[in-house]
Amino acid sequence: MTSFSGVYPYLVSPVTDGGQIDKPVLTALVEHLITSGVQGLTPLGSTGEFAYLNAEQRTEIVKTVVEAARGRVPVIAGVAATTIQDAVAQTARYVALGVDGILAILEAYFPVPEQGVENYFRAIATAAGKLPVVLYTNPQFQRSDLSLPLIERLSHVENINYIKDASANTGRLLSIIERTQGRMQVFAASAHIPACVMLIGGVGWMAGPACIVPKQSLALYEAAKQGDWTKAMALQRPLWRINEIFAKYSLAGCIKAALQLQGFEVGDPLPPQVPLNEAARQEIADVLRSVGAL
């Protein structure tokens with residue numbers, strides 16, 4: 001089974017005014033990130049605006065990323081649904097397209113009891129076959145979170161090998177690492193300080209900001225991997241400004257505005273979201289310049 005570690009940017013989803021996926025722009029972004037050295041790619045994460053895309057658009061995004069990556073790095077596709085039936089269907093489609101793993105996200109309108117949450121993720125794992133599954137939990141946006149006991153139970157599922165926890169509670173990450181005893185590896189989210197997550201045993205960073213600072217993110221990862229924590233923190237301190245600006249503005253809006261400033265015509269966030277105003281864009285530009293990303 002493929003082992004995942006390193007920097008995995010959450011990709012934005014470029015969509016034309018007519019609702020078509022802008023394949024040339026997405027392909028160019030994939031090429032740029034791979035050339036920059038990232039270890040993997042994650043389409044249809046939260047920065048990918050999965051909640052605003054229909055099934056055809058999601059499938060086209062995954063297909064485009066897989067084709068553009070050409071097997072050079074793993075592609076972990078996001079699966080998000082309110083029903084198990086839909087989640088299983090999405091997983092099957094993306095497996096058929098040739099992804100290397102699944103990022104499993106639970107959407108919910110009504111709160112879902114813990115047994116239902118467990119059934120949902122187990123069904124995705126089964127549909128994924130031998131492919132690794134990354135659990136994604138983000139209490140800020142989800143109605144039904146994963147408890148520590150549930151995460152521990154899911155860690156015994158053979159192909160649920162990873163978790164990206166965006167709770168901003170680093171102590172919770174340490175609890176996950178201790179409870180799962182090596183069965184489940186942890187990725188940092190933008191809500192966490194990546195260097196600190198890797199210090200306690202995390203295996204990398206899976207987040208939207210890595211789209212706009214891939215080389216800086218990789219330098220931080222390599223320093224942490226080598227155990228050079230003085231260098232890692234010297235890199236982390238200025239880089240945290242990217243996380244701060246990401247948290248201040250809308251997820252996709254911020255990353256899309258930053259990519260536009262860097263020359264990628266990825267378009268605006270999908271309606272009813274609204275584009276960032278000029279003052280916000282200027283603030284993002286200043287942050288990018290401060291870390292050498294513009």
# chains A, B, ... in the order shown; residues from 1 in each chain; ligands from 1
$ select_by_dssp --residues "segment 186-254 of chain A" --states "helix (DSSP H, G or I)" --output "PyMOL selection string"
chain A and resi 194-199+208-211+214-225+229-248+251-254
$ closest_residue --among "A:Ala257, A:Cys211, A:Ala96, A:Ala108" --to "Val7 of chain A" --atoms "only C-alpha atoms"
A:Cys211
$ residues_around --residues "Phe141 of chain A" --least-positions-apart "6" --cutoff "10 Å" --atoms "only C-alpha atoms" --output "ChimeraX atom specification"
/A:46,107-108,166
$ closest_residue --among "A:Ile163, A:Ile176, A:Val12, A:Ala77" --to "Thr47 of chain A" --atoms "only C-alpha atoms"
A:Val12
$ residues_around --residues "Ala189 of chain A" --least-positions-apart "5" --cutoff "9 Å" --atoms "only C-alpha atoms" --output "PyMOL selection string"
chain A and resi 164-168+194+205-208
$ closest_residue --among "A:Glu118, A:Gly292, A:Ser147, A:Thr82" --to "Gln262 of chain A" --atoms "only C-alpha atoms"
A:Gly292
$ residues_around --residues "Lys63 of chain A" --least-positions-apart "4" --cutoff "9 Å" --atoms "only C-alpha atoms" --output "ChimeraX atom specification"
/A:58-59,67-68,94,97-99
$ residues_around --residues "Lys215 of chain A" --least-positions-apart "3" --cutoff "8 Å" --atoms "only C-alpha atoms" --output "ChimeraX atom specification"
/A:36-38,218-219
$ closest_residue --among "A:Gly71, A:Pro14, A:Gly19, A:Gly78" --to "Leu44 of chain A" --atoms "only C-alpha atoms"
A:Gly78
$ closest_residue --among "A:Pro74, A:Gly202, A:Gly18, A:Gly116" --to "Asp145 of chain A" --atoms "only C-alpha atoms"
A:Gly116
$ closest_residue --among "A:Thr64, A:Gln57, A:Ser5, A:Gln39" --to "Thr27 of chain A" --atoms "only C-alpha atoms"
A:Thr64
$ residues_around --residues "segment 285-288 of chain A" --least-positions-apart "3" --cutoff "9 Å" --atoms "only C-alpha atoms" --output "list in words"
Ile212, Val213, Arg241, Ile242, Ile245, Ala257, Ala258, Leu261, Ala280, Arg281, Gln282, Val291, Gly292, Ala293 and Leu294 of chain A
$ atom_distance --atom1 "atom CA of Pro238 of chain A" --atom2 "atom CA of Ser290 of chain A"
7.7 Å
$ atom_distance --atom1 "atom CA of Pro113 of chain A" --atom2 "atom CA of Ser144 of chain A"
7.5 Å
$ atom_distance --atom1 "atom CA of Asn138 of chain A" --atom2 "atom CA of Ala80 of chain A"
12.5 Å
$ select_by_dssp --residues "segment 22-259 of chain A" --states "strand (DSSP E)" --output "count of residues only"
31
$ decode --residues "segment 26-138 of chain A" --atoms "C-alpha atoms" --output "short mmCIF file (atom, residue, chain, number, x, y, z; two decimals), in the first residue's frame"
data_model
loop_
_atom_site.label_atom_id
_atom_site.label_comp_id
_atom_site.auth_asym_id
_atom_site.auth_seq_id
_atom_site.Cartn_x
_atom_site.Cartn_y
_atom_site.Cartn_z
CA LEU A 26 -5.74 23.34 -13.47
CA THR A 27 -3.18 21.39 -15.50
CA ALA A 28 -0.74 24.32 -15.34
CA LEU A 29 -1.18 24.53 -11.56
CA VAL A 30 -0.55 20.79 -11.17
CA GLU A 31 2.60 21.08 -13.30
CA HIS A 32 3.84 24.04 -11.27
CA LEU A 33 3.33 22.26 -7.95
CA ILE A 34 4.97 19.03 -9.11
CA THR A 35 7.91 20.99 -10.54
CA SER A 36 8.17 22.76 -7.18
CA GLY A 37 8.68 19.36 -5.56
CA VAL A 38 5.46 18.60 -3.67
CA GLN A 39 5.03 14.98 -2.62
CA GLY A 40 1.35 14.72 -3.59
CA LEU A 41 -1.81 16.52 -4.66
CA THR A 42 -5.28 16.69 -3.13
CA PRO A 43 -8.16 17.82 -5.36
CA LEU A 44 -11.60 18.41 -3.81
CA GLY A 45 -10.45 19.35 -0.34
CA SER A 46 -12.09 22.30 1.40
CA THR A 47 -10.02 24.78 -0.64
CA GLY A 48 -11.32 22.95 -3.72
CA GLU A 49 -14.87 24.15 -2.93
CA PHE A 50 -16.32 20.62 -3.19
CA ALA A 51 -19.57 21.78 -1.60
CA TYR A 52 -20.20 24.14 -4.55
CA LEU A 53 -19.53 21.64 -7.34
CA ASN A 54 -21.85 19.11 -8.95
CA ALA A 55 -20.94 15.48 -9.56
CA GLU A 56 -19.81 16.05 -13.15
CA GLN A 57 -17.56 18.93 -12.17
CA ARG A 58 -15.98 16.95 -9.32
CA THR A 59 -15.32 14.01 -11.61
CA GLU A 60 -13.78 16.26 -14.27
CA ILE A 61 -11.47 17.85 -11.68
CA VAL A 62 -10.22 14.48 -10.45
CA LYS A 63 -9.78 13.22 -14.02
CA THR A 64 -7.82 16.34 -14.97
CA VAL A 65 -5.51 16.16 -11.96
CA VAL A 66 -4.80 12.44 -12.43
CA GLU A 67 -4.02 12.97 -16.11
CA ALA A 68 -1.84 16.00 -15.41
CA ALA A 69 0.08 14.27 -12.60
CA ARG A 70 0.88 11.32 -14.89
CA GLY A 71 1.83 9.12 -11.95
CA ARG A 72 4.64 11.40 -10.81
CA VAL A 73 3.08 12.03 -7.40
CA PRO A 74 0.12 10.45 -5.59
CA VAL A 75 -3.32 12.02 -6.07
CA ILE A 76 -5.66 11.81 -3.09
CA ALA A 77 -9.19 12.77 -4.15
CA GLY A 78 -11.74 14.22 -1.77
CA VAL A 79 -15.00 12.33 -1.30
CA ALA A 80 -17.73 14.32 0.45
CA ALA A 81 -21.42 13.46 0.72
CA THR A 82 -24.42 13.52 3.00
CA THR A 83 -25.32 9.91 2.19
CA ILE A 84 -23.34 6.70 2.23
CA GLN A 85 -24.71 5.78 -1.21
CA ASP A 86 -23.32 8.96 -2.77
CA ALA A 87 -19.99 8.65 -0.94
CA VAL A 88 -19.53 5.09 -2.17
CA ALA A 89 -20.43 6.10 -5.74
CA GLN A 90 -17.92 8.98 -5.67
CA THR A 91 -15.21 6.69 -4.31
CA ALA A 92 -15.85 4.13 -7.03
CA ARG A 93 -15.66 6.80 -9.76
CA TYR A 94 -12.37 8.20 -8.50
CA VAL A 95 -10.82 4.78 -8.01
CA ALA A 96 -11.72 4.00 -11.63
CA LEU A 97 -10.01 7.24 -12.70
CA GLY A 98 -6.76 6.08 -11.15
CA VAL A 99 -6.39 8.02 -7.89
CA ASP A 100 -3.89 6.81 -5.31
CA GLY A 101 -5.98 7.48 -2.23
CA ILE A 102 -9.23 8.94 -0.89
CA LEU A 103 -9.73 11.90 1.43
CA ALA A 104 -12.95 11.07 3.27
CA ILE A 105 -15.16 13.99 4.35
CA LEU A 106 -18.58 13.81 6.00
CA GLU A 107 -21.10 16.44 4.98
CA ALA A 108 -24.17 16.70 7.15
CA TYR A 109 -27.29 18.85 7.39
CA PHE A 110 -28.70 17.10 10.45
CA PRO A 111 -26.30 15.91 13.16
CA VAL A 112 -25.33 12.27 12.62
CA PRO A 113 -24.97 9.91 15.62
CA GLU A 114 -21.59 8.29 16.14
CA GLN A 115 -22.65 4.91 14.73
CA GLY A 116 -23.78 6.62 11.54
CA VAL A 117 -20.47 8.48 11.27
CA GLU A 118 -18.58 5.22 11.72
CA ASN A 119 -20.72 3.46 9.11
CA TYR A 120 -20.06 6.29 6.64
CA PHE A 121 -16.26 6.10 6.86
CA ARG A 122 -16.19 2.31 6.90
CA ALA A 123 -18.27 2.26 3.71
CA ILE A 124 -15.82 4.59 1.96
CA ALA A 125 -12.90 2.44 3.08
CA THR A 126 -14.58 -0.66 1.68
CA ALA A 127 -15.34 1.09 -1.63
CA ALA A 128 -11.71 2.25 -1.86
CA GLY A 129 -10.53 -1.36 -1.91
CA LYS A 130 -6.78 -1.47 -1.32
CA LEU A 131 -6.29 2.29 -1.63
CA PRO A 132 -5.38 4.23 1.52
CA VAL A 133 -8.01 6.47 3.08
CA VAL A 134 -7.33 9.77 4.85
CA LEU A 135 -9.97 10.85 7.35
CA TYR A 136 -10.67 14.58 7.32
CA THR A 137 -12.27 16.15 10.35
CA ASN A 138 -12.98 19.88 10.57
#
